[in-house]
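Some notes on the structure that comes next.
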Amino acid sequence: AGAASAPLTQASTNLEGIDVSHWNGTINWPQVAGAGKTFAIIKATEGETFLDSMYATNHSGARAAGLRTTAYHFARPGLPTSEATIQADWFVQNAALLSGDLVPALDLEDSGGLSTTELQAWVLAWLTEVNAKLGVKAMIYTNPSFWQTYMGRTTMFADQGYTLLWIAHWFVSSPTVPANNWGGHSWTFWQYDDCGTVAGISSGCVDLDRYNGTDFTPVTFGATYVPLRSEEQTSEL
């Protein structure tokens with residue numbers, strides 16, 4: 001009986017979702033929702049000028065299907081550090097986050113050839129600018145190896161209030177969490193598979209993610225989330 005109850009315990013403490021970009025093609029979001037996915041982290045921008053061609057469609061489509069959504073920026077670090085501010089402004093402008101979206105993310109997997117100190121400064125500059133523009137401390141996407149190799153295992157970000165970590169660690173029973181278990185905060189989102197299959201997504205692999213909890217309120221941007229149906233009812237009153 002104990003073994004049989006284990007999957008139920010796992011299901012009750014985590015919520016399943018995906019992250020997508022234009023590489024995933026046209027997505028049938030109602031089917032994704034029907035497959036039990038509760039959130040979608042969607043690529044919006046990369047570098048200083050790239051806008052994902054499917055972002056607006058994915059953002060509106062996923063929200064309409066009842067998924068919790070947010071956007072991520074693929075970082076292209078470089079010098080001077082002021083480039084981070086340019087990239088952050090580009091992201092904020094195009095992500096067009098809405099009340100009820102989740103906290104946005106910085107996708108950090110390219111060092112740009114920067115030293116550890118330079119890269120730390122670049123990341124902090126990006127996060128600081130997004131916080132200044134949106135009033136939210138964005139989450140960081142990384143993997144254990146990248147954080148150790150290029151970010152010097154720093155706990156600086158967690159210590160400064162950037163407590164949300166989206167960790168990429170595939171095909172393991174639980175993720176390795178860098179920076180002393182992210183300053184004691186552990187992981188918030190976990191990308192656990194880079195080649196999953198989900199109904200509604202026909203163009204090959206899709207990244208699978210898990211939320212460390214069952215209540216999105218602590219990671220919600222803006223006001224408390226109101227389901228679309230309730231919003232419509234409210235507007236009619």
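Labels used: A, B, ... for chains in the order of the structure tokens, numbers from 1 for residues in each chain, and numbers from 1 for ligands as shown.
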Query raised in the report: Quick one: residues within 12 Å of A:Met151, only C-alpha atoms counted, chain neighbours fewer than 5 positions away excluded, as a ChimeraX atom specification?
Result: /A:108-111,113-124,142-146,156-157,178-179
Check stretch 5-168 of chain A with DSSP on the backbone and list each residue it calls helix (DSSP H, G or I), as a ChimeraX atom specification. /A:5-13,22-24,29-34,55-64,82-95,116-134,144-150,156-159
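The neighbours of A:Ala95 here are the residues that come within 7 Å of it, using only C-alpha atoms and leaving out any residue fewer than 2 positions away in the same chain; they are Ala44, Ala71, Phe91, Val92, Gln93 and Leu97 of chain A.
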Can I get the selected residues back with C-alpha atoms, as a CSV table (one decimal), in the first residue's frame?
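Written out: part-v3.csv:
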```csv
chain,number,residue,atom,x,y,z
A,44,ALA,CA,9.9,35.9,-25.7
A,71,ALA,CA,8.0,34.6,-20.5
A,91,PHE,CA,12.5,41.7,-22.9
A,92,VAL,CA,10.2,43.9,-20.8
A,93,GLN,CA,8.9,45.7,-23.9
A,97,LEU,CA,3.3,40.4,-19.0
```
field: Residues within 7 Å of A:Asn212, only C-alpha atoms, excluding chain neighbours under 3 positions, as a PyMOL selection string
entry: chain A and resi 13-14+187-189
### Message
I need the residues in stretch 75-219 of chain A that are strand (DSSP E or B) according to DSSP; give them as a count of residues only.
### Response
26
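Of the residues listed (A:Gly17, A:Ala75, A:Ala65, A:Asp215), A:Gly17 shows the shortest atom-to-atom separation from A:Tyr192; distances use only C-alpha atoms.
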From the list A:Leu67, A:Gly100, A:Ile41, A:Thr26, the nearest residue to A:Trp166 using only C-alpha atoms is A:Ile41
**Message:** Taking 6 positions as the minimum chain separation for residues in the same chain, which residues sit within 12 Å of A:Asn131 when counting only C-alpha atoms? Answer as number ranges by chain.
**Reply:** A: 85, 88-89, 92, 103-105, 124-125, 137-139, 161-162, 221
Across A:Ala199, A:Gln31, A:Phe74, A:Ser21, the smallest distance to A:Ala56, with only C-alpha atoms counted, is shown by A:Ser21
Practice problem: Determine, counting only C-alpha atoms, which protein, DNA and RNA residues have an atom within 7 Å of an atom of A:Trp170; residues of the same chain fewer than 4 positions away are not included. Present the result as JSON, numbers by chain. | Solution: {"A": [191, 192, 193, 194]}
Those same residues - all heavy atoms - I'd like them written as a tab-separated table (two decimals), in the first residue's frame.
```tsv
chain	number	residue	atom	x	y	z
A	191	GLN	N	13.21	21.81	-14.83
A	191	GLN	CA	13.12	21.25	-16.18
A	191	GLN	C	13.77	19.87	-16.13
A	191	GLN	O	14.98	19.76	-16.05
A	191	GLN	CB	13.85	22.16	-17.17
A	191	GLN	CG	13.69	21.73	-18.63
A	191	GLN	CD	14.60	22.54	-19.54
A	191	GLN	OE1	15.80	22.31	-19.59
A	191	GLN	NE2	14.03	23.50	-20.24
A	192	TYR	N	12.94	18.83	-16.13
A	192	TYR	CA	13.45	17.49	-15.86
A	192	TYR	C	13.62	16.63	-17.10
A	192	TYR	O	14.18	15.52	-17.04
A	192	TYR	CB	12.58	16.77	-14.83
A	192	TYR	CG	11.14	16.53	-15.24
A	192	TYR	CD1	10.79	15.36	-15.91
A	192	TYR	CD2	10.13	17.44	-14.94
A	192	TYR	CE1	9.48	15.12	-16.29
A	192	TYR	CE2	8.82	17.21	-15.32
A	192	TYR	CZ	8.50	16.05	-15.98
A	192	TYR	OH	7.19	15.82	-16.36
A	193	ASP	N	13.16	17.12	-18.25
A	193	ASP	CA	13.27	16.34	-19.48
A	193	ASP	C	13.30	17.32	-20.65
A	193	ASP	O	12.51	18.27	-20.68
A	193	ASP	CB	12.08	15.39	-19.61
A	193	ASP	CG	12.26	14.33	-20.69
A	193	ASP	OD1	12.94	14.61	-21.70
A	193	ASP	OD2	11.70	13.23	-20.53
A	194	ASP	N	14.21	17.09	-21.59
A	194	ASP	CA	14.31	17.99	-22.74
A	194	ASP	C	13.70	17.39	-23.99
A	194	ASP	O	13.80	17.97	-25.07
A	194	ASP	CB	15.77	18.37	-23.01
A	194	ASP	CG	16.58	17.20	-23.56
A	194	ASP	OD1	16.25	16.04	-23.25
A	194	ASP	OD2	17.56	17.45	-24.29
```
